[in-house]
Each structure stands twice: as C-alpha cells, then as structure tokens.
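Peer 1: Enclosed is the structure file model-v4.txt (compact mmCIF, C-alpha atoms and all ligand atoms).
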```
# COMPACT_ATOMS: atom_id res chain seq x y z
CA MET A 1 75.27 -49.99 57.73
CA ARG A 2 74.62 -49.14 61.37
CA GLU A 3 77.57 -49.31 63.77
CA LEU A 4 77.41 -52.18 66.23
CA GLY A 5 78.41 -52.02 69.90
CA VAL A 6 80.30 -55.07 71.20
CA GLY A 7 80.37 -56.68 74.67
CA LEU A 8 82.86 -59.46 75.50
CA ILE A 9 82.47 -61.83 78.49
CA GLY A 10 85.64 -63.75 79.40
CA THR A 11 89.18 -62.83 78.35
CA GLY A 12 91.08 -66.15 78.33
CA PHE A 13 92.05 -68.19 75.28
CA MET A 14 88.85 -67.55 73.34
CA GLY A 15 88.24 -64.07 74.76
CA LYS A 16 91.50 -62.97 73.21
CA ALA A 17 90.65 -64.72 69.92
CA HIS A 18 87.33 -62.82 69.75
CA ALA A 19 89.05 -59.53 70.69
CA LEU A 20 91.61 -60.04 67.92
CA ALA A 21 88.80 -60.76 65.46
CA TYR A 22 86.85 -57.63 66.44
CA GLY A 23 90.03 -55.60 65.96
CA ALA A 24 90.88 -57.08 62.54
CA VAL A 25 87.59 -57.84 60.82
CA ARG A 26 87.02 -54.50 59.08
CA ALA A 27 90.62 -54.25 57.94
CA VAL A 28 90.42 -57.73 56.38
CA PHE A 29 86.88 -57.48 54.98
CA GLY A 30 85.70 -53.99 54.00
CA ASP A 31 82.02 -54.99 53.75
CA VAL A 32 81.15 -55.47 57.44
CA PRO A 33 79.55 -52.93 59.81
CA ALA A 34 81.83 -50.67 61.86
CA LEU A 35 82.24 -51.74 65.48
CA ARG A 36 82.49 -49.95 68.81
CA LEU A 37 84.19 -51.99 71.56
CA GLU A 38 81.87 -50.99 74.40
CA VAL A 39 82.06 -53.26 77.49
CA LEU A 40 84.36 -56.05 78.63
CA CYS A 41 83.49 -58.37 81.51
CA ASP A 42 85.74 -60.64 83.57
CA THR A 43 86.30 -61.39 87.23
CA PRO A 44 87.69 -59.95 89.41
CA ALA A 45 87.02 -56.32 88.50
CA ALA A 46 90.70 -55.38 88.42
CA LYS A 47 91.32 -58.04 85.76
CA ALA A 48 88.36 -56.71 83.75
CA ARG A 49 89.82 -53.17 83.85
CA THR A 50 93.28 -54.37 82.80
CA MET A 51 91.92 -56.48 79.94
CA ALA A 52 89.57 -53.68 78.77
CA THR A 53 92.61 -51.44 78.39
CA GLN A 54 94.61 -54.16 76.63
CA PHE A 55 91.77 -55.12 74.23
CA GLY A 56 90.60 -51.52 73.65
CA PHE A 57 87.12 -51.66 75.26
CA ALA A 58 85.60 -48.41 76.57
CA ARG A 59 84.24 -49.81 79.85
CA ALA A 60 84.87 -52.76 82.21
CA THR A 61 82.65 -54.71 84.61
CA ASP A 62 82.81 -57.84 86.74
CA ASN A 63 79.05 -58.42 86.35
CA TRP A 64 77.98 -59.88 82.99
CA ARG A 65 74.36 -58.79 83.63
CA ASP A 66 75.44 -55.12 83.45
CA LEU A 67 77.05 -55.84 80.07
CA VAL A 68 73.99 -57.65 78.72
CA ASP A 69 71.67 -54.82 79.87
CA ASP A 70 73.90 -52.04 78.48
CA PRO A 71 71.91 -50.20 75.76
CA ARG A 72 75.09 -49.46 73.79
CA VAL A 73 75.84 -53.19 73.38
CA ASP A 74 74.33 -54.86 70.29
CA VAL A 75 76.48 -58.04 70.05
CA VAL A 76 77.55 -60.20 73.01
CA SER A 77 80.53 -62.55 72.80
CA ILE A 78 80.27 -65.41 75.29
CA THR A 79 83.83 -66.64 75.86
CA ALA A 80 83.41 -67.59 79.52
CA PRO A 81 83.52 -71.21 80.79
CA ASN A 82 80.85 -73.62 79.52
CA ASN A 83 78.67 -73.51 82.66
CA LEU A 84 77.92 -69.81 82.08
CA HIS A 85 76.86 -70.02 78.42
CA HIS A 86 73.22 -71.00 79.05
CA GLU A 87 72.36 -68.31 81.61
CA ILE A 88 74.20 -65.53 79.76
CA ALA A 89 72.70 -66.49 76.38
CA LEU A 90 69.13 -66.54 77.72
CA ALA A 91 69.58 -63.09 79.30
CA ALA A 92 71.29 -61.66 76.20
CA ALA A 93 68.62 -63.03 73.83
CA ARG A 94 65.82 -61.66 76.02
CA ALA A 95 67.57 -58.28 76.01
CA GLY A 96 67.56 -58.40 72.17
CA LYS A 97 71.33 -58.78 71.74
CA HIS A 98 72.92 -60.79 68.94
CA ILE A 99 75.10 -63.61 70.33
CA TYR A 100 78.52 -64.93 69.29
CA CYS A 101 78.84 -67.94 71.64
CA GLU A 102 81.78 -70.27 72.04
CA LYS A 103 81.23 -73.99 71.68
CA PRO A 104 79.80 -76.07 73.20
CA LEU A 105 76.45 -74.27 73.47
CA ALA A 106 75.87 -75.55 77.01
CA LEU A 107 76.47 -78.32 79.54
CA THR A 108 73.39 -80.36 78.60
CA LEU A 109 71.15 -80.87 75.57
CA ASP A 110 68.16 -79.50 77.52
CA GLN A 111 70.03 -76.24 78.13
CA ALA A 112 71.18 -76.06 74.49
CA THR A 113 67.62 -76.67 73.26
CA GLU A 114 66.29 -73.87 75.49
CA MET A 115 68.99 -71.51 74.19
CA GLU A 116 68.00 -72.28 70.60
CA GLN A 117 64.28 -71.75 71.36
CA VAL A 118 64.74 -68.50 73.29
CA ALA A 119 67.04 -67.08 70.58
CA ALA A 120 64.49 -67.98 67.87
CA GLU A 121 61.62 -66.40 69.85
CA ALA A 122 63.69 -63.23 70.42
CA GLY A 123 64.49 -62.99 66.69
CA ILE A 124 68.16 -62.32 67.38
CA LYS A 125 71.09 -63.52 65.21
CA THR A 126 73.46 -66.16 66.58
CA ILE A 127 76.68 -67.95 65.70
CA VAL A 128 78.66 -70.63 67.56
CA GLY A 129 82.46 -70.90 67.47
CA TYR A 130 82.93 -74.06 65.41
CA ASN A 131 85.74 -72.15 63.72
CA TYR A 132 87.47 -75.05 61.93
CA VAL A 133 84.70 -75.18 59.32
CA LYS A 134 85.68 -71.61 58.34
CA ASN A 135 89.12 -72.70 57.11
CA PRO A 136 89.53 -72.00 53.37
CA ALA A 137 91.10 -75.48 53.11
CA PHE A 138 87.97 -77.05 54.63
CA MET A 139 85.68 -75.05 52.36
CA HIS A 140 87.80 -76.15 49.39
CA ALA A 141 87.38 -79.78 50.48
CA GLN A 142 83.61 -79.23 50.50
CA SER A 143 83.82 -77.78 46.96
CA LEU A 144 85.92 -80.75 45.79
CA VAL A 145 83.34 -83.17 47.19
CA GLY A 146 80.50 -81.20 45.58
CA ALA A 147 82.30 -81.25 42.22
CA GLY A 148 82.70 -85.04 42.41
CA ALA A 149 86.52 -84.91 42.67
CA ILE A 150 86.60 -88.14 44.71
CA GLY A 151 83.37 -89.70 43.40
CA ASP A 152 80.76 -90.94 45.84
CA ILE A 153 81.67 -90.69 49.54
CA VAL A 154 82.11 -94.16 51.02
CA HIS A 155 83.82 -93.63 54.39
CA PHE A 156 84.83 -90.90 56.89
CA ARG A 157 87.58 -91.39 59.47
CA GLY A 158 88.34 -88.65 61.98
CA TRP A 159 90.54 -88.19 65.03
CA VAL A 160 90.95 -85.19 67.27
CA ASP A 161 93.88 -85.66 69.59
CA GLU A 162 95.55 -83.32 72.07
CA ASP A 163 97.83 -83.99 75.03
CA TYR A 164 96.81 -81.19 77.42
CA GLN A 165 95.59 -83.78 79.98
CA ALA A 166 98.13 -86.52 79.18
CA ASN A 167 100.41 -85.67 82.10
CA PRO A 168 99.01 -87.27 85.30
CA ASP A 169 100.70 -84.51 87.34
CA GLN A 170 98.77 -81.77 85.52
CA PRO A 171 96.65 -79.99 88.21
CA TRP A 172 92.86 -80.34 88.29
CA THR A 173 90.88 -77.63 86.42
CA TRP A 174 87.16 -76.79 85.89
CA ARG A 175 87.30 -78.82 82.69
CA ALA A 176 87.23 -82.04 84.79
CA ARG A 177 83.96 -81.23 86.62
CA ILE A 178 80.65 -82.06 84.90
CA SER A 179 78.79 -79.14 86.53
CA GLU A 180 81.30 -76.66 85.07
CA ALA A 181 82.53 -78.25 81.82
CA GLY A 182 79.86 -80.81 80.92
CA LEU A 183 81.44 -83.44 78.70
CA GLY A 184 85.25 -83.92 78.65
CA ALA A 185 87.21 -84.65 75.45
CA LEU A 186 83.92 -84.86 73.56
CA GLY A 187 82.64 -81.42 74.58
CA ASP A 188 86.03 -79.81 74.26
CA LEU A 189 87.42 -81.46 71.11
CA GLY A 190 85.08 -84.11 69.69
CA CYS A 191 82.39 -81.54 68.87
CA HIS A 192 84.78 -79.80 66.43
CA LEU A 193 85.40 -83.12 64.65
CA VAL A 194 81.64 -83.73 64.48
CA SER A 195 81.13 -80.25 62.97
CA MET A 196 83.58 -81.15 60.19
CA ALA A 197 82.19 -84.67 59.62
CA VAL A 198 78.67 -83.29 59.28
CA GLY A 199 79.94 -80.49 57.01
CA LEU A 200 81.48 -83.05 54.66
CA VAL A 201 79.15 -86.06 54.83
CA GLY A 202 75.84 -84.76 56.27
CA PRO A 203 73.72 -85.65 59.30
CA VAL A 204 74.33 -88.72 61.48
CA GLU A 205 71.68 -91.42 61.68
CA SER A 206 73.01 -93.54 64.56
CA LEU A 207 76.18 -94.48 66.40
CA ILE A 208 77.78 -96.79 68.91
CA ALA A 209 80.51 -95.52 71.23
CA ASP A 210 82.85 -96.21 74.09
CA MET A 211 84.53 -93.80 76.54
CA GLN A 212 87.29 -93.99 79.12
CA THR A 213 88.78 -91.78 81.82
CA VAL A 214 92.48 -92.53 82.01
CA HIS A 215 93.44 -90.25 84.92
CA LYS A 216 90.62 -90.65 87.43
CA SER A 217 91.76 -87.92 89.85
CA ARG A 218 94.14 -84.96 89.81
CA SER A 219 95.95 -82.82 92.38
CA LEU A 220 94.42 -79.47 93.28
CA ALA A 221 96.64 -76.55 92.24
CA ASP A 222 96.80 -75.21 95.84
CA GLY A 223 98.20 -78.53 97.10
CA SER A 224 95.16 -79.20 99.35
CA GLY A 225 94.51 -82.70 97.98
CA GLN A 226 92.99 -84.54 95.02
CA ALA A 227 89.76 -84.01 93.08
CA PRO A 228 88.00 -86.52 90.82
CA VAL A 229 88.02 -86.26 87.03
CA GLU A 230 84.31 -86.68 86.31
CA ASN A 231 84.29 -86.70 82.51
CA GLU A 232 85.93 -88.66 79.69
CA ASP A 233 89.54 -88.42 78.52
CA ILE A 234 88.89 -90.51 75.37
CA ALA A 235 85.79 -91.28 73.27
CA THR A 236 85.70 -93.72 70.34
CA THR A 237 82.69 -93.97 68.03
CA LEU A 238 81.41 -95.92 65.02
CA VAL A 239 78.99 -93.76 63.02
CA ARG A 240 76.31 -94.34 60.38
CA PHE A 241 75.45 -91.19 58.45
CA VAL A 242 71.99 -90.59 56.97
CA GLY A 243 72.32 -91.92 53.42
CA GLY A 244 74.39 -94.93 54.42
CA VAL A 245 78.01 -93.70 54.62
CA ARG A 246 79.86 -95.25 57.57
CA GLY A 247 82.65 -93.73 59.61
CA SER A 248 84.65 -93.58 62.83
CA LEU A 249 85.39 -90.70 65.18
CA CYS A 250 87.93 -90.62 68.00
CA ALA A 251 88.59 -87.80 70.49
CA SER A 252 91.36 -87.80 73.10
CA ARG A 253 92.81 -85.19 75.42
CA VAL A 254 95.52 -87.61 76.68
CA ALA A 255 97.28 -88.37 73.35
CA TRP A 256 100.95 -87.58 74.05
CA GLY A 257 102.64 -85.67 71.26
CA ARG A 258 99.44 -84.51 69.59
CA LYS A 259 98.90 -80.76 69.99
CA ASN A 260 95.83 -80.12 67.82
CA ARG A 261 95.60 -83.14 65.58
CA LEU A 262 92.12 -82.50 64.29
CA ASN A 263 92.55 -84.89 61.44
CA TRP A 264 90.24 -86.61 58.97
CA GLU A 265 90.23 -88.72 55.83
CA LEU A 266 87.31 -88.71 53.43
CA HIS A 267 87.32 -91.80 51.24
CA GLY A 268 85.44 -91.69 47.93
CA SER A 269 84.77 -94.14 45.11
CA THR A 270 87.47 -92.53 42.90
CA GLY A 271 89.86 -90.90 45.40
CA MET A 272 90.29 -89.42 48.85
CA ILE A 273 90.97 -86.15 50.70
CA CYS A 274 93.02 -85.86 53.93
CA PHE A 275 93.29 -82.94 56.37
CA ASP A 276 95.29 -82.32 59.54
CA GLN A 277 94.67 -79.12 61.57
CA GLU A 278 98.35 -79.12 62.63
CA ARG A 279 99.01 -78.36 58.93
CA MET A 280 95.86 -76.28 58.48
CA ASN A 281 96.89 -74.66 55.18
CA GLU A 282 97.10 -77.99 53.33
CA LEU A 283 94.73 -80.51 51.81
CA ARG A 284 95.99 -83.81 50.44
CA LEU A 285 94.08 -85.12 47.44
CA TYR A 286 94.33 -88.48 45.68
CA GLN A 287 92.46 -89.10 42.43
CA ASN A 288 92.53 -92.37 40.50
CA THR A 289 92.98 -90.68 37.12
CA GLY A 290 95.82 -91.16 34.61
CA PRO A 291 98.25 -94.09 34.43
CA LEU A 292 98.51 -96.07 37.68
CA ALA A 293 102.28 -95.58 37.76
CA GLN A 294 101.78 -91.81 37.99
CA GLN A 295 99.01 -91.77 40.58
CA GLY A 296 99.73 -90.42 44.06
CA PHE A 297 98.70 -87.81 46.59
CA LYS A 298 99.12 -84.15 45.79
CA THR A 299 99.27 -81.40 48.39
CA ILE A 300 97.11 -78.34 47.76
CA LEU A 301 98.45 -75.33 49.66
CA THR A 302 95.84 -72.65 50.36
CA SER A 303 96.10 -69.50 48.28
CA PRO A 304 93.97 -66.58 47.04
CA GLU A 305 92.26 -69.23 44.82
CA HIS A 306 90.62 -70.50 48.03
CA PRO A 307 88.38 -67.70 49.37
CA PRO A 308 88.57 -65.85 51.63
CA TYR A 309 92.35 -66.46 51.93
CA GLY A 310 92.97 -63.57 49.49
CA SER A 311 91.27 -61.08 51.82
CA PHE A 312 94.11 -61.68 54.28
CA CYS A 313 97.03 -61.99 51.92
CA PRO A 314 97.56 -61.72 48.12
CA ALA A 315 100.37 -64.30 48.03
CA PRO A 316 99.86 -68.09 48.02
CA GLY A 317 101.54 -70.27 50.61
CA HIS A 318 102.06 -67.53 53.19
CA GLN A 319 99.47 -69.27 55.38
CA LEU A 320 96.62 -68.36 57.69
CA GLY A 321 96.49 -69.11 61.43
CA VAL A 322 93.71 -70.19 63.74
CA ASN A 323 92.92 -66.60 64.82
CA ASP A 324 92.19 -65.82 61.16
CA LEU A 325 89.42 -68.43 61.26
CA LYS A 326 87.76 -66.34 64.00
CA VAL A 327 87.96 -63.28 61.71
CA ILE A 328 86.21 -65.23 58.91
CA GLU A 329 83.61 -66.54 61.39
CA LEU A 330 82.94 -63.04 62.74
CA ALA A 331 82.73 -61.45 59.27
CA GLY A 332 79.93 -63.84 58.24
CA PHE A 333 78.10 -63.11 61.48
CA LEU A 334 78.35 -59.32 61.10
CA ARG A 335 77.12 -59.50 57.48
CA HIS A 336 74.18 -61.62 58.66
CA ILE A 337 73.34 -59.05 61.36
CA ALA A 338 73.47 -56.35 58.68
CA GLY A 339 70.88 -58.27 56.61
CA GLY A 340 73.17 -60.60 54.67
CA ALA A 341 73.00 -64.37 54.14
CA PRO A 342 72.40 -66.73 57.08
CA VAL A 343 75.50 -68.01 58.85
CA HIS A 344 76.46 -71.53 59.78
CA PRO A 345 76.53 -72.75 62.50
CA ASP A 346 73.88 -70.71 64.29
CA PHE A 347 72.30 -71.99 67.52
CA SER A 348 70.06 -74.29 65.52
CA ASP A 349 72.96 -75.86 63.55
CA ALA A 350 75.08 -76.11 66.72
CA LEU A 351 72.23 -77.94 68.47
CA GLU A 352 72.30 -80.57 65.69
CA ILE A 353 76.08 -80.97 66.15
CA GLU A 354 75.71 -81.26 69.91
CA LYS A 355 72.86 -83.81 69.65
CA ILE A 356 75.43 -86.09 67.99
CA VAL A 357 78.03 -85.35 70.67
CA HIS A 358 75.58 -86.14 73.49
CA ALA A 359 74.41 -89.26 71.63
CA ILE A 360 78.04 -90.47 71.70
CA ALA A 361 78.11 -90.05 75.49
CA GLU A 362 74.71 -91.72 75.85
CA SER A 363 75.80 -94.68 73.73
CA ALA A 364 78.97 -95.16 75.77
CA GLN A 365 77.06 -94.93 79.05
CA SER A 366 74.29 -97.31 77.96
CA ASP A 367 76.58 -99.62 75.96
CA ALA A 368 74.06 -99.54 73.09
CA ARG A 369 73.50 -98.06 69.61
CA VAL A 370 71.85 -94.63 69.82
CA TYR A 371 69.71 -93.09 67.03
CA VAL A 372 70.26 -89.34 66.75
N1 LIG B 401 86.46 -72.48 69.32
C1 LIG B 401 87.52 -73.06 69.85
O1 LIG B 401 88.35 -73.61 69.13
C2 LIG B 401 87.70 -73.00 71.35
C3 LIG B 401 88.98 -73.18 71.90
C4 LIG B 401 89.12 -73.08 73.29
C5 LIG B 401 88.00 -72.84 74.09
N2 LIG B 401 86.78 -72.72 73.51
C6 LIG B 401 85.59 -72.45 74.36
O2 LIG B 401 85.67 -71.11 74.84
C7 LIG B 401 85.12 -71.02 76.15
C8 LIG B 401 86.18 -70.42 77.08
O3 LIG B 401 87.30 -71.28 77.08
P1 LIG B 401 88.78 -70.69 77.28
O4 LIG B 401 89.70 -71.77 76.86
O5 LIG B 401 88.86 -69.34 76.67
O6 LIG B 401 88.78 -70.59 78.88
P2 LIG B 401 89.75 -69.72 79.77
O7 LIG B 401 89.75 -70.39 81.09
O8 LIG B 401 91.05 -69.45 79.06
O9 LIG B 401 88.99 -68.30 79.87
C9 LIG B 401 87.76 -68.16 80.54
C10 LIG B 401 87.60 -66.69 80.92
O10 LIG B 401 86.32 -66.50 81.50
C11 LIG B 401 86.47 -65.70 82.67
N3 LIG B 401 85.35 -65.89 83.59
C12 LIG B 401 85.12 -66.91 84.44
N4 LIG B 401 84.00 -66.68 85.14
C13 LIG B 401 83.51 -65.49 84.72
C14 LIG B 401 82.38 -64.70 85.07
N5 LIG B 401 81.49 -65.11 86.00
N6 LIG B 401 82.17 -63.54 84.43
C15 LIG B 401 83.05 -63.12 83.48
N7 LIG B 401 84.15 -63.82 83.09
C16 LIG B 401 84.36 -64.99 83.72
C17 LIG B 401 87.82 -66.16 83.22
O11 LIG B 401 88.35 -65.24 84.18
C18 LIG B 401 88.62 -66.22 81.94
O12 LIG B 401 89.12 -64.96 81.54
C19 LIG B 401 84.73 -72.44 76.55
O13 LIG B 401 83.35 -72.58 76.31
C20 LIG B 401 85.52 -73.32 75.61
O14 LIG B 401 84.89 -74.55 75.32
C21 LIG B 401 86.61 -72.77 72.18
```
Have the structure of the file written as structure tokens, please.
Ligand SMILES: NC(=O)c1ccc[n+]([C@@H]2O[C@H](COP(=O)([O-])OP(=O)(O)OC[C@H]3O[C@@H](n4cnc5c(N)ncnc54)[C@H](O)[C@@H]3O)[C@@H](O)[C@H]2O)c1

Peer 2:
Amino acid sequence: MRELGVGLIGTGFMGKAHALAYGAVRAVFGDVPALRLEVLCDTPAAKARTMATQFGFARATDNWRDLVDDPRVDVVSITAPNNLHHEIALAAARAGKHIYCEKPLALTLDQATEMEQVAAEAGIKTIVGYNYVKNPAFMHAQSLVGAGAIGDIVHFRGWVDEDYQANPDQPWTWRARISEAGLGALGDLGCHLVSMAVGLVGPVESLIADMQTVHKSRSLADGSGQAPVENEDIATTLVRFVGGVRGSLCASRVAWGRKNRLNWELHGSTGMICFDQERMNELRLYQNTGPLAQQGFKTILTSPEHPPYGSFCPAPGHQLGVNDLKVIELAGFLRHIAGGAPVHPDFSDALEIEKIVHAIAESAQSDARVYV
C-alpha cells in the first residue's frame, strides 16, 4: 500500500479530532496505508506554525490553496468553518486530492450538489464527518434491526439537544450568520440525527416542519454592540419515510442541561431500541418475548462482540469516546482510497442527508409539507 500524504485545514474542535485520528489510525487498525503528516493550514500563520508543531505536521501555511496544490498531499481534511467547505473542496477535487470533509457539506444545497458533481468527475474518494453512524453501538442497532430483533419498524423518534446557545449572554459567533454557517441547529446538530434516522429506517419521502429563533440577537465579543442571530435555534419535524414509517425529529441548541443528547427510539412491531449519545456505549433493547411479568429493557454495553470495538480494546465495558469514532471513520476512508470497499457517507450519501435537512428548513419557511 502506497503511503499517503495528509493536509489539514482548520485546527479547532474538529481539526484536533482529525489530527488525533491520523495519529492513531494505524496503531488501532493495522490494515490501513501509512501516513505522512505533510501540511497544516490555519490563520494567522503563527497559529498554523504552532499547531503544526503540536499535531506533528512537517509544514505550516496560512493559505489553504498552497496546501491543496502541494504535490506531497494526497488527502485533504476540511475542518474549517462551513463557509469554506465548498471552495476548498472544489479546488482539492480538481487537484486530484481525496477529501475528508466535515459536515455539513456546504451552506446551500446548490453548493453541496456542485461539490458532489465535481468530486465524481475528478474520480477522487470522499467521506463526510457524520461520525455518529460509526459507533459500534449504532452499527449493532442496525444489525438488530436487520435480524428482525424488534420486528417491523413502525416509528422513529429522535431528538438532538445541546445547550451551547441557551445562555442569552453567550457572545455572537460565526455560527449565527447564514453566510458563514448556513443553517443553525439543523446544520450543526439536526443533520447528525437525520444521518442516524436514515441509517436505521431509510430515505425520507416527505416532511412538515417548524423552526424558531429564541435569542434573536447577541452581544459582540468585543463589546461593540449587538448582532442578529440569522438562523434557527430549534427545529421540529414530522417525517414520513419511504415505505410508510412515520417519525419525528427535533433539534435544539438552546436546551438547557443537554450537552450532546443525540437520542432516538426505534419502535418495532415486537420491541424497541433506544440510544442516547451521552451514554454512547449503551443500547437499550426491549423484546416482547417470554412471560409478560419478566419482560423489560436490557442494556447492551459495547464490547469486542461489537466490531470494531475490539480493535481499540480487548475488554468489554471499558468504553470508546467520540474521538474513537473519527478513527473508525478515517480507517474506512483510507481502506477505500487503497482500493477497499466504498465508504458511507461519501459526498453523494451526504448530499441525500442534507437534502432532508434543507427540506426541513424549506417546510418551516413555507409552512407546507415538502417532498424530498
Ligand atoms: N462531526 C462532528 O461531530 C462535528 C463537530 C463539530 C464541528 N463539526 C464541523 O467541523 C467544522 C469546523 O467546526 P469546529 O467546531 O472545528 O470550528 P472551530 O471554530 O473550532 O475551528 C475552525 C478552525 O478553522 C480555522 N480557520 C478559519 N478560517 C480559516 C482559513 N481561511 N484557513 C484555514 N483555517 C481557517 C480556525 O482558525 C479554526 O482553527 C464545521 O464545518 C463544523 O460543522 C463537526
């Protein structure tokens, strides 16, 4: 397997998660190509140099175009703010680089569609950071559904709640401006819930939604005044999946007390499965078998029986963390680049997820059912 050179653009929350994954992936999974950490980009240049040293990259730049054009870079991680994804991805694809892009793909569906088309034309490999579907617990839920453990699926209920914008005194950030962030709670959080709903139930046929912005303006961090919050704090949706299953989805970034409550219940004709990302190593399963008096939920704790947990740790119950999901995500991508099986979600799969997310916004804005 040929060594791959890596370029990383953006070193915040997700930049660090990608850097940790690049550092760990070959120690966890022996079957992926060797990596060279070539170029790191951030602004200003001094920050790029500091972070390149910290993350172990050979070179630093404050111009992402230099990184994309660097002949020693084969794979580009896009972990910069949402408004940069489209332009960077088009340039990287046209330069023949494989792309590991954070979600959401872009600010608008038109941009996301162009990214998918340009990547397909360039013949490069892509993956998008919908990391929660890489959780061994989630993959076990999919296996349980496939094996008929809860019968026929009848209903999906999902919430994704955080409280990072609940405090009205929280200063304004780029996440509140449509030209920089795109959608609000939907683009930040709701898209993860949609990725899981689709992974469990299948594509969405149509939906009807409502949105609200609770805190309509926020103080600027430098104390110079207020700026408007242009996107939604909360989105609530009723969904019809292709095939007839119904469901509900709710996303909020102003839900006090909730830190990452990416939570769903999958109701079947003979049982149900529940998941909560705040307890990401557990699935709760109810099956209507045996005497009624002995029926109840059981908690399944992830273990080496739930691949690829065992690649991290031989002992059950010791638990994975969210950064491990990035290692699993990256491993699949590197195998795909090396000629292995396709990965989910690539740009094409992510576009399908984001069509649903934008349909939610469209429905709320038009006050009407939208067909996806
Ligand atoms: N997969 C997930 O669970 C998850 C979680 C959080 C964020 N995200 C996504 O990751 C992306 C980044 O979010 P974040 O939370 O890491 O943001 P962040 O603000 O923590 O980090 C953004 C980084 O990009 C850098 N940057 C800004 N402009 C740049 C430029 N022109 N060139 C190079 N670097 C530049 C910033 O200096 C910063 O280091 C977003 O698209 C976000 O939606 C995904």

Peer 1: Which residues sit within 9 Å of ligand LIG 401 (chain B), counting only C-alpha atoms and all ligand atoms, listed as an MDAnalysis selection string?

Peer 2: chainID A and resid 8:17 40:44 47:48 61:64 78:85 101:106 128:132 174:175 181 187:189 192 322 326

Peer 1: Please list as a count of residues only every residue within 6 Å of Tyr100 of chain A, counting all atoms listed in the file and excluding residues in the same chain fewer than 2 positions away.

Peer 2: 4

Peer 1: At a cut-off of 9 Å, using only C-alpha atoms, what residues contact Gln170 of chain A? Leave out same-chain residues fewer than 6 positions from it and give the result as JSON, numbers by chain.

Peer 2: {"A": [164, 218, 219, 221]}

Peer 1: Just want the 10 Å neighbourhood of Leu334 of chain A, counted on all atoms listed in the file, with same-chain residues fewer than 5 positions away dropped. Output as a PyMOL selection string.

Peer 2: chain A and resi 4+25+31-35+75+98+100+125+127+329+339-340+343

Peer 1: Please provide the set of residues having any atom within 8 Å of Arg94 of chain A, restricted to only C-alpha atoms, with same-chain residues fewer than 3 positions apart removed, written as JSON, numbers by chain.

Peer 2: {"A": [90, 91, 97, 118, 119, 122]}

Peer 1: Do you know which residues are at most 7 Å from Leu37 of chain A counting only C-alpha atoms, after dropping those on the same chain fewer than 2 positions away, and could you put them as a ChimeraX atom specification?

Peer 2: /A:5-7,35,39,56-58

Peer 1: Any idea what the distance is between atom CA of Ala338 of chain A and atom CA of Ala120 of chain A?

Peer 2: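 Rounded to one decimal, the two atoms are 17.3 Å apart.
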
Peer 1: Which one is closest to Phe241 of chain A: A:Glu305, A:Glu180, A:Trp256, A:His155? Count only C-alpha atoms.

Peer 2: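 Of the candidates, the smallest distance to Phe241 of chain A is held by A:His155.
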
Peer 1: Please reconstruct the missing atoms of segment 2-14 of chain A (target: N, CA, C and O atoms) and return them as a PDB file, in the frame of the given file.

Peer 2:
```pdb
ATOM      1  N   ARG A   2      74.553 -49.698  60.016  1.00  0.00           N
ATOM      2  CA  ARG A   2      74.620 -49.140  61.370  1.00  0.00           C
ATOM      3  C   ARG A   2      75.829 -49.698  62.116  1.00  0.00           C
ATOM      4  O   ARG A   2      76.166 -50.873  61.972  1.00  0.00           O
ATOM      5  N   GLU A   3      76.484 -48.834  62.899  1.00  0.00           N
ATOM      6  CA  GLU A   3      77.570 -49.310  63.770  1.00  0.00           C
ATOM      7  C   GLU A   3      77.033 -50.262  64.816  1.00  0.00           C
ATOM      8  O   GLU A   3      75.908 -50.113  65.276  1.00  0.00           O
ATOM      9  N   LEU A   4      77.838 -51.233  65.204  1.00  0.00           N
ATOM     10  CA  LEU A   4      77.410 -52.180  66.230  1.00  0.00           C
ATOM     11  C   LEU A   4      78.297 -52.060  67.458  1.00  0.00           C
ATOM     12  O   LEU A   4      79.531 -52.013  67.344  1.00  0.00           O
ATOM     13  N   GLY A   5      77.668 -52.048  68.653  1.00  0.00           N
ATOM     14  CA  GLY A   5      78.410 -52.020  69.900  1.00  0.00           C
ATOM     15  C   GLY A   5      78.669 -53.447  70.373  1.00  0.00           C
ATOM     16  O   GLY A   5      77.786 -54.311  70.308  1.00  0.00           O
ATOM     17  N   VAL A   6      79.887 -53.711  70.846  1.00  0.00           N
ATOM     18  CA  VAL A   6      80.300 -55.070  71.200  1.00  0.00           C
ATOM     19  C   VAL A   6      80.510 -55.188  72.713  1.00  0.00           C
ATOM     20  O   VAL A   6      81.097 -54.301  73.344  1.00  0.00           O
ATOM     21  N   GLY A   7      80.045 -56.309  73.283  1.00  0.00           N
ATOM     22  CA  GLY A   7      80.370 -56.680  74.670  1.00  0.00           C
ATOM     23  C   GLY A   7      81.040 -58.040  74.663  1.00  0.00           C
ATOM     24  O   GLY A   7      80.628 -58.935  73.917  1.00  0.00           O
ATOM     25  N   LEU A   8      82.082 -58.205  75.476  1.00  0.00           N
ATOM     26  CA  LEU A   8      82.860 -59.460  75.500  1.00  0.00           C
ATOM     27  C   LEU A   8      82.902 -59.975  76.939  1.00  0.00           C
ATOM     28  O   LEU A   8      83.309 -59.244  77.847  1.00  0.00           O
ATOM     29  N   ILE A   9      82.507 -61.249  77.127  1.00  0.00           N
ATOM     30  CA  ILE A   9      82.470 -61.830  78.490  1.00  0.00           C
ATOM     31  C   ILE A   9      83.476 -62.975  78.569  1.00  0.00           C
ATOM     32  O   ILE A   9      83.263 -64.032  77.972  1.00  0.00           O
ATOM     33  N   GLY A  10      84.575 -62.741  79.283  1.00  0.00           N
ATOM     34  CA  GLY A  10      85.640 -63.750  79.400  1.00  0.00           C
ATOM     35  C   GLY A  10      86.819 -63.356  78.517  1.00  0.00           C
ATOM     36  O   GLY A  10      86.632 -63.046  77.334  1.00  0.00           O
ATOM     37  N   THR A  11      88.020 -63.350  79.095  1.00  0.00           N
ATOM     38  CA  THR A  11      89.180 -62.830  78.350  1.00  0.00           C
ATOM     39  C   THR A  11      90.342 -63.827  78.323  1.00  0.00           C
ATOM     40  O   THR A  11      91.501 -63.439  78.233  1.00  0.00           O
ATOM     41  N   GLY A  12      90.023 -65.135  78.413  1.00  0.00           N
ATOM     42  CA  GLY A  12      91.080 -66.150  78.330  1.00  0.00           C
ATOM     43  C   GLY A  12      91.422 -66.459  76.885  1.00  0.00           C
ATOM     44  O   GLY A  12      91.458 -65.565  76.027  1.00  0.00           O
ATOM     45  N   PHE A  13      91.665 -67.726  76.613  1.00  0.00           N
ATOM     46  CA  PHE A  13      92.050 -68.190  75.280  1.00  0.00           C
ATOM     47  C   PHE A  13      91.083 -67.657  74.206  1.00  0.00           C
ATOM     48  O   PHE A  13      91.475 -66.967  73.258  1.00  0.00           O
ATOM     49  N   MET A  14      89.804 -67.949  74.367  1.00  0.00           N
ATOM     50  CA  MET A  14      88.850 -67.550  73.340  1.00  0.00           C
ATOM     51  C   MET A  14      88.475 -66.081  73.434  1.00  0.00           C
ATOM     52  O   MET A  14      88.173 -65.441  72.424  1.00  0.00           O
TER      53      MET A  14
END
```
